[in-house]
Protein chains: 2
Amino acid sequence: MKAGRKRAFVKSDALDKAMRVFWENGYSGTSVSDLTEVLGINKPSLYAAFGNKEQLFATALEHYMSHYGAPLMERLTNPAETPFAERVRAYMLGIIDLINGNDSPKGCLFVKSCCEAGSSAMPENISLSLQEMRQVNALLLTKAVQAEQKRGHLHKTTKPRDIAEYLLSVLYGLSVLARQGKSHRELVRIVDIAIKALPTSQE
Amino acid sequence: MKAGRKRAFVKSDALDKAMRVFWENGYSGTSVSDLTEVLGINKPSLYAAFGNKEQLFATALEHYMSHYGAPLMERLTNPAETPFAERVRAYMLGIIDLINGNDSPKGCLFVKSCCEAGSSAMPENISLSLQEMRQVNALLLTKAVQAEQKRGHLHKTTKPRDIAEYLLSVLYGLSVLARQGKSHRELVRIVDIAIKALPTSQE
DNA sequence: GCATTATTATACCGGTCGGTACATAATGTC
DNA sequence: GACATTATGTACCGACCGGTATAATAATGC
């Protein structure tokens with residue numbers, strides 16, 4: 001055991017709370033005072049635990065992606081015996097629950113952050129890692145589409161990458177709609193239309 | 001002619017410049033100093049001409065929607081003799097040009113603002129007018145779909161409003177992708193996939 | 001010419017921003 | 001218990017925030 005006074009708060013809990021503040025107000029819309037107020041700690045504690053505002057945001061963003069976003073990706077491949085369109089639907093419904101939950105801010109933190117990115121209002125490092133995150137996400141989705149094309153359940157006239165980007169585009173749009181208060185039901189209807197566009201082999 | 005010293009800048013030019021600053025950095029990412037620097041005027045001139053930061057943003061947003069967004073809507077109905085899918089495509093390609101232009105910030109100011117909305121970082125009035133703007137946009141698109149269904153060129157199993165919201169969702173997604181640097185060509189490919197989802201009567 | 005009116009530039013307002021110095025309190029090792 | 005180590009609360013830093021008071025400047029109507 002290391003020496004020294006014990007931290008009076010649980011770091012992982014604080015990180016999740018901080019993530020939600022950024023989720024609600026965005027990077028430049030969130031002040032350090034906002035964070036310390038919600039987390040119930042003082043500034044020196046926050047800076048000692050998380051570095052500075054930029055580093056805390058980066059950590060919160062990774063926490064969001066790994067704990068809330070990434071787990072949904074499994075639905076794209078499992079269970080393998082269900083039709084591809086159903087798996088995509090399950091994935092997208094998971095995203096809907098995430099961006100339209102009752103106990104979390106509306107919309108998607110990642111999408112929100114992307115909109116802030118690429119300007120002087122957001123540090124360049126963050127903008128770059130957002131771009132990397134998107135590429136990883138798109139690649140995973142592309143591979144799922146590719147696997148399905150090889151199985152022959154999806155015809156091959158459209159490049160898998162384009163199909164993946166199309167699906168992501170719809171998802172990003174859902175985040176904007178969720179932010180504006182659209183209901184769960186309305187969002188699901190959009191997903192159902194979007195999935196009809198998938199060029200299945202029976203066409 | 002009114003008495004008094006003449007304004008040393010063209011108000012409409014200043015408004016367009018201000019719009020671009022907000023477009024680049026967002027509402028809370030833009031400071032009044034950012035604005036006066038780009039506009040080349042002093043703060044009292046800005047406040048005299050546009051009220052305050054919030055009012056200037058509201059004006060800039062309306063300028064964006066009426067001068068850049070709204071004119072594209074005509075492509076949805078004209079020319080009436082071209083197929084509906086082609087008109088929708090023309091509309092969406094117009095949006096792509098807007099959000100991926102070389103002489104303007106990437107992405108869509110409206111989408112960016114929607115992501116900032118609904119939080120303490122953005123005044124409530126702005127959030128409300130963003131919601132109204134979206135409703136107007138969705139209604140116009142819905143009516144275009146509805147007209148096409150009556151003509152019989154689009155089958156009626158899907159509600160026109162849902163189709164409209166689906167198309168808007170794709171467009172909002174394109175804004176996020178454009179912001180991340182996706183090329184014109186890639187965005188067009190997404191639009192082409194999205195349009196295939198339209199339930200045309202020949203199916 | 002002269003009062004009136006509007007815009008300009010400078011300089012400043014209180015408040016908040018992100019970030020930290022400092023002293024104190026609590027834990028471990030020896 | 002002495003001591004090193006770590007976290008805490010307070011109080012503060014310079015810089016910038018949105019916004020304005022003031023006075024000089026330029027245009028008008030009469």
# chains A, B, ... in the order shown; residues from 1 in each chain; ligands from 1
>>> calpha_fit_and_write(fixed="chain B", moving="chain A", output="JSON list (two decimals) with C-alpha atoms, in the first residue's frame")
[["chain", "number", "residue", "atom", "x", "y", "z"],
["A", 1, "MET", "CA", -31.70, 60.58, -45.31],
["A", 2, "LYS", "CA", -31.15, 60.22, -41.61],
["A", 3, "ALA", "CA", -28.63, 62.32, -39.77],
["A", 4, "GLY", "CA", -25.54, 60.91, -38.12],
["A", 5, "ARG", "CA", -22.20, 59.44, -39.04],
["A", 6, "LYS", "CA", -22.31, 56.70, -41.67],
["A", 7, "ARG", "CA", -21.52, 53.11, -40.79],
["A", 8, "ALA", "CA", -17.99, 52.30, -41.93],
["A", 9, "PHE", "CA", -18.84, 48.68, -42.80],
["A", 10, "VAL", "CA", -21.55, 46.92, -44.82],
["A", 11, "LYS", "CA", -23.91, 45.31, -42.34],
["A", 12, "SER", "CA", -24.87, 42.37, -44.57],
["A", 13, "ASP", "CA", -21.23, 41.59, -45.26],
["A", 14, "ALA", "CA", -20.47, 41.69, -41.55],
["A", 15, "LEU", "CA", -23.37, 39.36, -40.85],
["A", 16, "ASP", "CA", -22.12, 36.85, -43.39],
["A", 17, "LYS", "CA", -18.64, 36.99, -41.89],
["A", 18, "ALA", "CA", -20.03, 36.55, -38.38],
["A", 19, "MET", "CA", -22.06, 33.57, -39.58],
["A", 20, "ARG", "CA", -18.87, 31.96, -40.83],
["A", 21, "VAL", "CA", -17.11, 32.46, -37.50],
["A", 22, "PHE", "CA", -19.98, 30.75, -35.66],
["A", 23, "TRP", "CA", -20.02, 28.10, -38.37],
["A", 24, "GLU", "CA", -16.36, 27.40, -37.72],
["A", 25, "ASN", "CA", -16.27, 27.58, -33.93],
["A", 26, "GLY", "CA", -19.83, 27.13, -32.70],
["A", 27, "TYR", "CA", -21.77, 29.42, -30.40],
["A", 28, "SER", "CA", -19.94, 28.86, -27.14],
["A", 29, "GLY", "CA", -16.65, 28.42, -28.96],
["A", 30, "THR", "CA", -16.89, 31.89, -30.45],
["A", 31, "SER", "CA", -15.98, 34.96, -28.41],
["A", 32, "VAL", "CA", -17.05, 38.51, -29.15],
["A", 33, "SER", "CA", -13.37, 39.32, -29.64],
["A", 34, "ASP", "CA", -13.17, 36.59, -32.31],
["A", 35, "LEU", "CA", -16.04, 38.27, -34.09],
["A", 36, "THR", "CA", -14.75, 41.85, -33.93],
["A", 37, "GLU", "CA", -11.34, 40.68, -35.11],
["A", 38, "VAL", "CA", -12.70, 38.93, -38.22],
["A", 39, "LEU", "CA", -15.24, 41.64, -38.95],
["A", 40, "GLY", "CA", -12.61, 44.32, -38.53],
["A", 41, "ILE", "CA", -14.81, 46.46, -36.30],
["A", 42, "ASN", "CA", -14.85, 47.42, -32.64],
["A", 43, "LYS", "CA", -17.14, 46.04, -30.01],
["A", 44, "PRO", "CA", -19.42, 49.08, -29.69],
["A", 45, "SER", "CA", -20.03, 48.97, -33.44],
["A", 46, "LEU", "CA", -20.91, 45.30, -33.25],
["A", 47, "TYR", "CA", -23.25, 45.79, -30.31],
["A", 48, "ALA", "CA", -24.90, 48.81, -31.95],
["A", 49, "ALA", "CA", -25.50, 46.92, -35.18],
["A", 50, "PHE", "CA", -26.48, 43.48, -33.90],
["A", 51, "GLY", "CA", -27.54, 43.77, -30.25],
["A", 52, "ASN", "CA", -25.44, 41.25, -28.38],
["A", 53, "LYS", "CA", -23.75, 37.92, -29.00],
["A", 54, "GLU", "CA", -26.96, 35.92, -28.66],
["A", 55, "GLN", "CA", -28.94, 38.17, -31.00],
["A", 56, "LEU", "CA", -26.14, 38.21, -33.53],
["A", 57, "PHE", "CA", -26.04, 34.44, -33.50],
["A", 58, "ALA", "CA", -29.81, 34.24, -33.97],
["A", 59, "THR", "CA", -29.57, 36.63, -36.91],
["A", 60, "ALA", "CA", -26.63, 34.76, -38.40],
["A", 61, "LEU", "CA", -28.49, 31.47, -38.08],
["A", 62, "GLU", "CA", -31.55, 32.86, -39.87],
["A", 63, "HIS", "CA", -29.26, 34.26, -42.55],
["A", 64, "TYR", "CA", -27.72, 30.83, -42.99],
["A", 65, "MET", "CA", -31.04, 29.06, -43.27],
["A", 66, "SER", "CA", -32.71, 31.57, -45.59],
["A", 67, "HIS", "CA", -29.76, 32.30, -47.88],
["A", 68, "TYR", "CA", -27.99, 28.95, -47.98],
["A", 69, "GLY", "CA", -30.42, 26.25, -46.83],
["A", 70, "ALA", "CA", -33.87, 27.28, -48.00],
["A", 71, "PRO", "CA", -33.06, 27.91, -51.69],
["A", 72, "LEU", "CA", -32.07, 24.25, -52.05],
["A", 73, "MET", "CA", -35.55, 23.13, -51.06],
["A", 74, "GLU", "CA", -36.87, 24.15, -54.45],
["A", 75, "ARG", "CA", -34.98, 21.29, -56.00],
["A", 76, "LEU", "CA", -37.39, 18.94, -54.25],
["A", 77, "THR", "CA", -40.30, 20.07, -56.42],
["A", 78, "ASN", "CA", -38.70, 21.55, -59.55],
["A", 79, "PRO", "CA", -38.53, 20.46, -62.26],
["A", 80, "ALA", "CA", -41.70, 18.47, -61.60],
["A", 81, "GLU", "CA", -41.22, 16.25, -64.67],
["A", 82, "THR", "CA", -38.03, 14.65, -63.36],
["A", 83, "PRO", "CA", -38.38, 11.56, -61.16],
["A", 84, "PHE", "CA", -38.74, 12.16, -57.43],
["A", 85, "ALA", "CA", -35.58, 10.27, -56.55],
["A", 86, "GLU", "CA", -33.63, 12.51, -58.89],
["A", 87, "ARG", "CA", -35.05, 15.62, -57.31],
["A", 88, "VAL", "CA", -34.20, 14.37, -53.83],
["A", 89, "ARG", "CA", -30.73, 13.59, -55.09],
["A", 90, "ALA", "CA", -30.32, 17.09, -56.49],
["A", 91, "TYR", "CA", -31.40, 18.51, -53.15],
["A", 92, "MET", "CA", -28.99, 16.36, -51.20],
["A", 93, "LEU", "CA", -26.16, 17.14, -53.58],
["A", 94, "GLY", "CA", -26.85, 20.80, -52.96],
["A", 95, "ILE", "CA", -26.51, 20.19, -49.24],
["A", 96, "ILE", "CA", -23.24, 18.38, -49.85],
["A", 97, "ASP", "CA", -21.88, 21.40, -51.73],
["A", 98, "LEU", "CA", -22.94, 23.57, -48.82],
["A", 99, "ILE", "CA", -21.32, 21.47, -46.09],
["A", 100, "ASN", "CA", -18.25, 20.57, -48.09],
["A", 101, "GLY", "CA", -17.45, 23.84, -49.85],
["A", 102, "ASN", "CA", -13.90, 25.08, -50.21],
["A", 103, "ASP", "CA", -14.59, 28.65, -49.14],
["A", 104, "SER", "CA", -16.66, 27.89, -46.05],
["A", 105, "PRO", "CA", -16.28, 25.83, -42.87],
["A", 106, "LYS", "CA", -16.92, 22.12, -43.18],
["A", 107, "GLY", "CA", -20.18, 20.71, -41.90],
["A", 108, "CYS", "CA", -23.55, 22.37, -41.39],
["A", 109, "LEU", "CA", -24.05, 25.33, -39.08],
["A", 110, "PHE", "CA", -27.56, 24.17, -38.30],
["A", 111, "VAL", "CA", -26.51, 20.65, -37.33],
["A", 112, "LYS", "CA", -23.61, 22.00, -35.30],
["A", 113, "SER", "CA", -25.93, 24.33, -33.47],
["A", 114, "CYS", "CA", -28.47, 21.58, -32.79],
["A", 115, "CYS", "CA", -25.74, 19.60, -31.08],
["A", 116, "GLU", "CA", -24.98, 22.58, -28.85],
["A", 117, "ALA", "CA", -28.65, 23.18, -28.13],
["A", 118, "GLY", "CA", -30.58, 22.12, -25.07],
["A", 119, "SER", "CA", -27.80, 22.86, -22.63],
["A", 120, "SER", "CA", -26.79, 25.73, -20.40],
["A", 121, "ALA", "CA", -24.12, 26.56, -22.97],
["A", 122, "MET", "CA", -26.75, 27.84, -25.40],
["A", 123, "PRO", "CA", -29.59, 30.29, -24.69],
["A", 124, "GLU", "CA", -33.00, 28.66, -24.58],
["A", 125, "ASN", "CA", -34.45, 30.96, -27.24],
["A", 126, "ILE", "CA", -31.89, 29.72, -29.73],
["A", 127, "SER", "CA", -32.63, 26.10, -28.89],
["A", 128, "LEU", "CA", -36.31, 26.74, -29.44],
["A", 129, "SER", "CA", -35.87, 28.44, -32.80],
["A", 130, "LEU", "CA", -33.59, 25.62, -33.92],
["A", 131, "GLN", "CA", -36.40, 23.22, -33.16],
["A", 132, "GLU", "CA", -38.85, 25.35, -35.14],
["A", 133, "MET", "CA", -36.46, 25.53, -38.08],
["A", 134, "ARG", "CA", -36.18, 21.77, -38.11],
["A", 135, "GLN", "CA", -39.94, 21.35, -38.03],
["A", 136, "VAL", "CA", -40.36, 23.68, -40.99],
["A", 137, "ASN", "CA", -37.68, 21.83, -42.90],
["A", 138, "ALA", "CA", -39.20, 18.44, -42.10],
["A", 139, "LEU", "CA", -42.66, 19.64, -43.05],
["A", 140, "LEU", "CA", -41.54, 20.86, -46.46],
["A", 141, "LEU", "CA", -39.84, 17.58, -47.15],
["A", 142, "THR", "CA", -42.86, 15.66, -45.88],
["A", 143, "LYS", "CA", -45.14, 17.56, -48.24],
["A", 144, "ALA", "CA", -42.90, 16.77, -51.18],
["A", 145, "VAL", "CA", -43.02, 13.07, -50.30],
["A", 146, "GLN", "CA", -46.78, 13.26, -49.80],
["A", 147, "ALA", "CA", -47.30, 14.87, -53.20],
["A", 148, "GLU", "CA", -45.26, 12.11, -54.77],
["A", 149, "GLN", "CA", -47.31, 9.42, -53.05],
["A", 150, "LYS", "CA", -50.51, 10.96, -54.41],
["A", 151, "ARG", "CA", -49.01, 10.90, -57.88],
["A", 152, "GLY", "CA", -48.51, 7.20, -57.34],
["A", 153, "HIS", "CA", -44.78, 7.22, -57.93],
["A", 154, "LEU", "CA", -44.04, 6.27, -54.34],
["A", 155, "HIS", "CA", -45.98, 3.55, -52.61],
["A", 156, "LYS", "CA", -47.86, 4.44, -49.48],
["A", 157, "THR", "CA", -46.93, 1.77, -46.97],
["A", 158, "THR", "CA", -44.53, 4.16, -45.25],
["A", 159, "LYS", "CA", -45.72, 7.42, -43.75],
["A", 160, "PRO", "CA", -44.40, 10.45, -45.64],
["A", 161, "ARG", "CA", -43.21, 12.03, -42.42],
["A", 162, "ASP", "CA", -41.07, 9.02, -41.60],
["A", 163, "ILE", "CA", -39.51, 9.06, -45.05],
["A", 164, "ALA", "CA", -38.80, 12.76, -44.67],
["A", 165, "GLU", "CA", -37.20, 12.29, -41.25],
["A", 166, "TYR", "CA", -35.15, 9.45, -42.63],
["A", 167, "LEU", "CA", -33.77, 11.63, -45.40],
["A", 168, "LEU", "CA", -33.02, 14.41, -42.95],
["A", 169, "SER", "CA", -31.27, 11.96, -40.68],
["A", 170, "VAL", "CA", -28.94, 10.98, -43.50],
["A", 171, "LEU", "CA", -28.30, 14.65, -44.25],
["A", 172, "TYR", "CA", -27.45, 15.42, -40.64],
["A", 173, "GLY", "CA", -25.06, 12.51, -40.68],
["A", 174, "LEU", "CA", -23.39, 13.85, -43.80],
["A", 175, "SER", "CA", -22.61, 17.04, -41.92],
["A", 176, "VAL", "CA", -20.69, 15.11, -39.30],
["A", 177, "LEU", "CA", -18.80, 13.21, -41.97],
["A", 178, "ALA", "CA", -18.00, 16.39, -43.89],
["A", 179, "ARG", "CA", -16.66, 17.93, -40.71],
["A", 180, "GLN", "CA", -14.30, 15.00, -40.42],
["A", 181, "GLY", "CA", -12.96, 15.65, -43.88],
["A", 182, "LYS", "CA", -14.77, 13.09, -46.03],
["A", 183, "SER", "CA", -14.51, 13.93, -49.71],
["A", 184, "HIS", "CA", -17.30, 15.11, -51.97],
["A", 185, "ARG", "CA", -17.20, 11.80, -53.79],
["A", 186, "GLU", "CA", -17.64, 9.74, -50.63],
["A", 187, "LEU", "CA", -20.57, 11.85, -49.50],
["A", 188, "VAL", "CA", -22.30, 11.45, -52.85],
["A", 189, "ARG", "CA", -21.94, 7.67, -52.63],
["A", 190, "ILE", "CA", -23.74, 7.74, -49.30],
["A", 191, "VAL", "CA", -26.55, 9.80, -50.78],
["A", 192, "ASP", "CA", -26.92, 7.31, -53.60],
["A", 193, "ILE", "CA", -27.28, 4.43, -51.17],
["A", 194, "ALA", "CA", -29.74, 6.40, -49.07],
["A", 195, "ILE", "CA", -31.96, 7.14, -52.04],
["A", 196, "LYS", "CA", -32.17, 3.47, -52.95],
["A", 197, "ALA", "CA", -34.11, 3.03, -49.72],
["A", 198, "LEU", "CA", -36.95, 5.14, -51.05],
["A", 199, "PRO", "CA", -39.90, 2.78, -51.57],
["A", 200, "THR", "CA", -40.58, 3.52, -55.24],
["A", 201, "SER", "CA", -43.71, 2.15, -56.84],
["A", 202, "GLN", "CA", -41.89, -0.26, -59.14],
["A", 203, "GLU", "CA", -40.93, -2.47, -56.19]]
>>> interface_residues(of="chain C", to="chain B", cutoff="12 Å", atoms="only C-alpha atoms (C1' of nucleotides)", output="list in words")
DA3, DT4, DT5, DA6, DT7, DT8, DA9 and DT10 of chain C
>>> atom_distance(atom1="C1' of DT6 in chain D", atom2="C1' of DC17 in chain C")
27.7 Å
>>> atom_distance(atom1="C1' of DG14 in chain D", atom2="C1' of DC22 in chain C")
18.1 Å
>>> atom_distance(atom1="C1' of DC12 in chain D", atom2="C1' of DG19 in chain C")
10.7 Å
>>> closest_residue(among="D:DA4, D:DA24, D:DG19, D:DC30", to="chain B", atoms="only C-alpha atoms (C1' of nucleotides)")
D:DG19
>>> interface_residues(of="chain D", to="chain B", cutoff="10 Å", atoms="only C-alpha atoms (C1' of nucleotides)", output="number ranges by chain")
D: 16-20, 25-29
>>> write_last_selection(atoms="N, CA and C atoms (P, O5', C5', C4', C3', O3' and C1' of nucleotides)", output="PDB file, in the first residue's frame")
ATOM      1  P    DC D  16      -5.335  36.584 -23.171  1.00  0.00           P
ATOM      2  O5'  DC D  16      -6.922  36.419 -23.212  1.00  0.00           O
ATOM      3  C5'  DC D  16      -7.499  35.141 -22.964  1.00  0.00           C
ATOM      4  C4'  DC D  16      -8.914  35.328 -22.480  1.00  0.00           C
ATOM      5  C3'  DC D  16      -9.801  36.172 -23.402  1.00  0.00           C
ATOM      6  O3'  DC D  16     -10.778  35.326 -23.998  1.00  0.00           O
ATOM      7  C1'  DC D  16     -10.159  36.642 -21.089  1.00  0.00           C
ATOM      8  P    DC D  17     -11.849  35.901 -25.025  1.00  0.00           P
ATOM      9  O5'  DC D  17     -13.199  35.978 -24.203  1.00  0.00           O
ATOM     10  C5'  DC D  17     -13.621  34.837 -23.451  1.00  0.00           C
ATOM     11  C4'  DC D  17     -14.809  35.209 -22.587  1.00  0.00           C
ATOM     12  C3'  DC D  17     -15.781  36.183 -23.231  1.00  0.00           C
ATOM     13  O3'  DC D  17     -16.730  35.465 -23.980  1.00  0.00           O
ATOM     14  C1'  DC D  17     -15.310  36.820 -20.961  1.00  0.00           C
ATOM     15  P    DG D  18     -17.497  36.160 -25.187  1.00  0.00           P
ATOM     16  O5'  DG D  18     -18.603  37.035 -24.459  1.00  0.00           O
ATOM     17  C5'  DG D  18     -19.595  36.410 -23.665  1.00  0.00           C
ATOM     18  C4'  DG D  18     -20.400  37.464 -22.942  1.00  0.00           C
ATOM     19  C3'  DG D  18     -21.149  38.437 -23.867  1.00  0.00           C
ATOM     20  O3'  DG D  18     -22.421  38.745 -23.298  1.00  0.00           O
ATOM     21  C1'  DG D  18     -19.647  39.647 -22.494  1.00  0.00           C
ATOM     22  P    DG D  19     -23.436  39.771 -24.089  1.00  0.00           P
ATOM     23  O5'  DG D  19     -23.018  41.189 -23.510  1.00  0.00           O
ATOM     24  C5'  DG D  19     -23.156  41.440 -22.114  1.00  0.00           C
ATOM     25  C4'  DG D  19     -22.646  42.830 -21.774  1.00  0.00           C
ATOM     26  C3'  DG D  19     -23.216  43.977 -22.618  1.00  0.00           C
ATOM     27  O3'  DG D  19     -23.927  44.863 -21.765  1.00  0.00           O
ATOM     28  C1'  DG D  19     -20.879  44.207 -22.287  1.00  0.00           C
ATOM     29  P    DT D  20     -24.701  46.114 -22.339  1.00  0.00           P
ATOM     30  O5'  DT D  20     -23.739  47.313 -21.904  1.00  0.00           O
ATOM     31  C5'  DT D  20     -23.250  47.359 -20.563  1.00  0.00           C
ATOM     32  C4'  DT D  20     -22.356  48.567 -20.367  1.00  0.00           C
ATOM     33  C3'  DT D  20     -22.854  49.880 -20.999  1.00  0.00           C
ATOM     34  O3'  DT D  20     -22.624  50.923 -20.070  1.00  0.00           O
ATOM     35  C1'  DT D  20     -20.664  49.470 -21.696  1.00  0.00           C
ATOM     36  P    DT D  25     -11.314  64.016 -32.841  1.00  0.00           P
ATOM     37  O5'  DT D  25     -12.370  63.349 -33.822  1.00  0.00           O
ATOM     38  C5'  DT D  25     -12.246  61.960 -34.135  1.00  0.00           C
ATOM     39  C4'  DT D  25     -13.356  61.547 -35.084  1.00  0.00           C
ATOM     40  C3'  DT D  25     -13.566  62.495 -36.276  1.00  0.00           C
ATOM     41  O3'  DT D  25     -13.652  61.716 -37.444  1.00  0.00           O
ATOM     42  C1'  DT D  25     -15.620  62.061 -35.211  1.00  0.00           C
ATOM     43  P    DA D  26     -13.266  62.354 -38.878  1.00  0.00           P
ATOM     44  O5'  DA D  26     -14.631  62.225 -39.689  1.00  0.00           O
ATOM     45  C5'  DA D  26     -15.214  60.940 -39.874  1.00  0.00           C
ATOM     46  C4'  DA D  26     -16.705  61.063 -40.044  1.00  0.00           C
ATOM     47  C3'  DA D  26     -17.178  61.971 -41.195  1.00  0.00           C
ATOM     48  O3'  DA D  26     -18.072  61.224 -41.998  1.00  0.00           O
ATOM     49  C1'  DA D  26     -18.373  62.434 -39.229  1.00  0.00           C
ATOM     50  P    DA D  27     -18.106  61.367 -43.583  1.00  0.00           P
ATOM     51  O5'  DA D  27     -19.576  61.951 -43.837  1.00  0.00           O
ATOM     52  C5'  DA D  27     -20.671  61.067 -43.908  1.00  0.00           C
ATOM     53  C4'  DA D  27     -21.845  61.615 -43.156  1.00  0.00           C
ATOM     54  C3'  DA D  27     -22.689  62.668 -43.870  1.00  0.00           C
ATOM     55  O3'  DA D  27     -23.677  62.045 -44.659  1.00  0.00           O
ATOM     56  C1'  DA D  27     -22.547  62.993 -41.477  1.00  0.00           C
ATOM     57  P    DT D  28     -24.458  62.870 -45.757  1.00  0.00           P
ATOM     58  O5'  DT D  28     -25.607  63.558 -44.908  1.00  0.00           O
ATOM     59  C5'  DT D  28     -26.739  62.788 -44.457  1.00  0.00           C
ATOM     60  C4'  DT D  28     -27.477  63.564 -43.383  1.00  0.00           C
ATOM     61  C3'  DT D  28     -28.293  64.725 -43.888  1.00  0.00           C
ATOM     62  O3'  DT D  28     -29.626  64.305 -44.144  1.00  0.00           O
ATOM     63  C1'  DT D  28     -27.180  65.195 -41.793  1.00  0.00           C
ATOM     64  P    DG D  29     -30.636  65.277 -44.967  1.00  0.00           P
ATOM     65  O5'  DG D  29     -31.188  66.264 -43.858  1.00  0.00           O
ATOM     66  C5'  DG D  29     -31.875  65.753 -42.719  1.00  0.00           C
ATOM     67  C4'  DG D  29     -32.355  66.892 -41.836  1.00  0.00           C
ATOM     68  C3'  DG D  29     -33.127  67.992 -42.552  1.00  0.00           C
ATOM     69  O3'  DG D  29     -34.198  68.452 -41.734  1.00  0.00           O
ATOM     70  C1'  DG D  29     -31.151  68.935 -41.611  1.00  0.00           C
TER      71       DG D  29
END
>>> select_by_dssp(residues="range 81-130 of chain A", states="helix (DSSP H, G or I)", output="JSON, numbers by chain")
{"A": [84, 85, 86, 87, 88, 89, 90, 91, 92, 93, 94, 95, 96, 97, 98, 99, 109, 110, 111, 112, 113, 114, 115, 116, 124, 125, 126, 127, 128, 129, 130]}
>>> decode(residues="chain C", atoms="C-alpha atoms (C1' of nucleotides)", output="PDB file, in the first residue's frame")
ATOM      1  C1'  DG C   1     -22.736  77.868 -39.260  1.00  0.00           C
ATOM      2  C1'  DC C   2     -24.740  75.034 -35.998  1.00  0.00           C
ATOM      3  C1'  DA C   3     -27.453  71.800 -33.454  1.00  0.00           C
ATOM      4  C1'  DT C   4     -28.615  67.005 -33.998  1.00  0.00           C
ATOM      5  C1'  DT C   5     -27.779  62.315 -34.737  1.00  0.00           C
ATOM      6  C1'  DA C   6     -25.283  58.173 -35.493  1.00  0.00           C
ATOM      7  C1'  DT C   7     -20.778  55.688 -35.543  1.00  0.00           C
ATOM      8  C1'  DT C   8     -16.307  55.353 -34.117  1.00  0.00           C
ATOM      9  C1'  DA C   9     -12.162  54.315 -30.915  1.00  0.00           C
ATOM     10  C1'  DT C  10     -10.410  53.848 -26.309  1.00  0.00           C
ATOM     11  C1'  DA C  11     -10.589  52.424 -22.059  1.00  0.00           C
ATOM     12  C1'  DC C  12     -12.789  50.194 -18.673  1.00  0.00           C
ATOM     13  C1'  DC C  13     -16.430  47.277 -15.822  1.00  0.00           C
ATOM     14  C1'  DG C  14     -17.436  43.069 -12.767  1.00  0.00           C
ATOM     15  C1'  DG C  15     -17.278  38.279 -13.470  1.00  0.00           C
ATOM     16  C1'  DT C  16     -15.552  34.001 -14.918  1.00  0.00           C
ATOM     17  C1'  DC C  17     -12.057  31.391 -17.325  1.00  0.00           C
ATOM     18  C1'  DG C  18      -8.309  27.533 -16.771  1.00  0.00           C
ATOM     19  C1'  DG C  19      -4.876  26.664 -13.621  1.00  0.00           C
ATOM     20  C1'  DT C  20      -1.896  26.769  -9.247  1.00  0.00           C
ATOM     21  C1'  DA C  21       0.693  28.040  -4.575  1.00  0.00           C
ATOM     22  C1'  DC C  22       0.209  27.044  -0.067  1.00  0.00           C
ATOM     23  C1'  DA C  23      -0.885  25.302   4.211  1.00  0.00           C
ATOM     24  C1'  DT C  24      -3.375  21.541   6.394  1.00  0.00           C
ATOM     25  C1'  DA C  25      -5.038  16.851   7.047  1.00  0.00           C
ATOM     26  C1'  DA C  26      -4.722  12.047   6.632  1.00  0.00           C
ATOM     27  C1'  DT C  27      -2.382   7.882   5.422  1.00  0.00           C
ATOM     28  C1'  DG C  28       1.543   4.731   4.822  1.00  0.00           C
ATOM     29  C1'  DT C  29       6.611   3.029   6.126  1.00  0.00           C
ATOM     30  C1'  DC C  30      10.241   2.658   9.283  1.00  0.00           C
TER      31       DC C  30
END
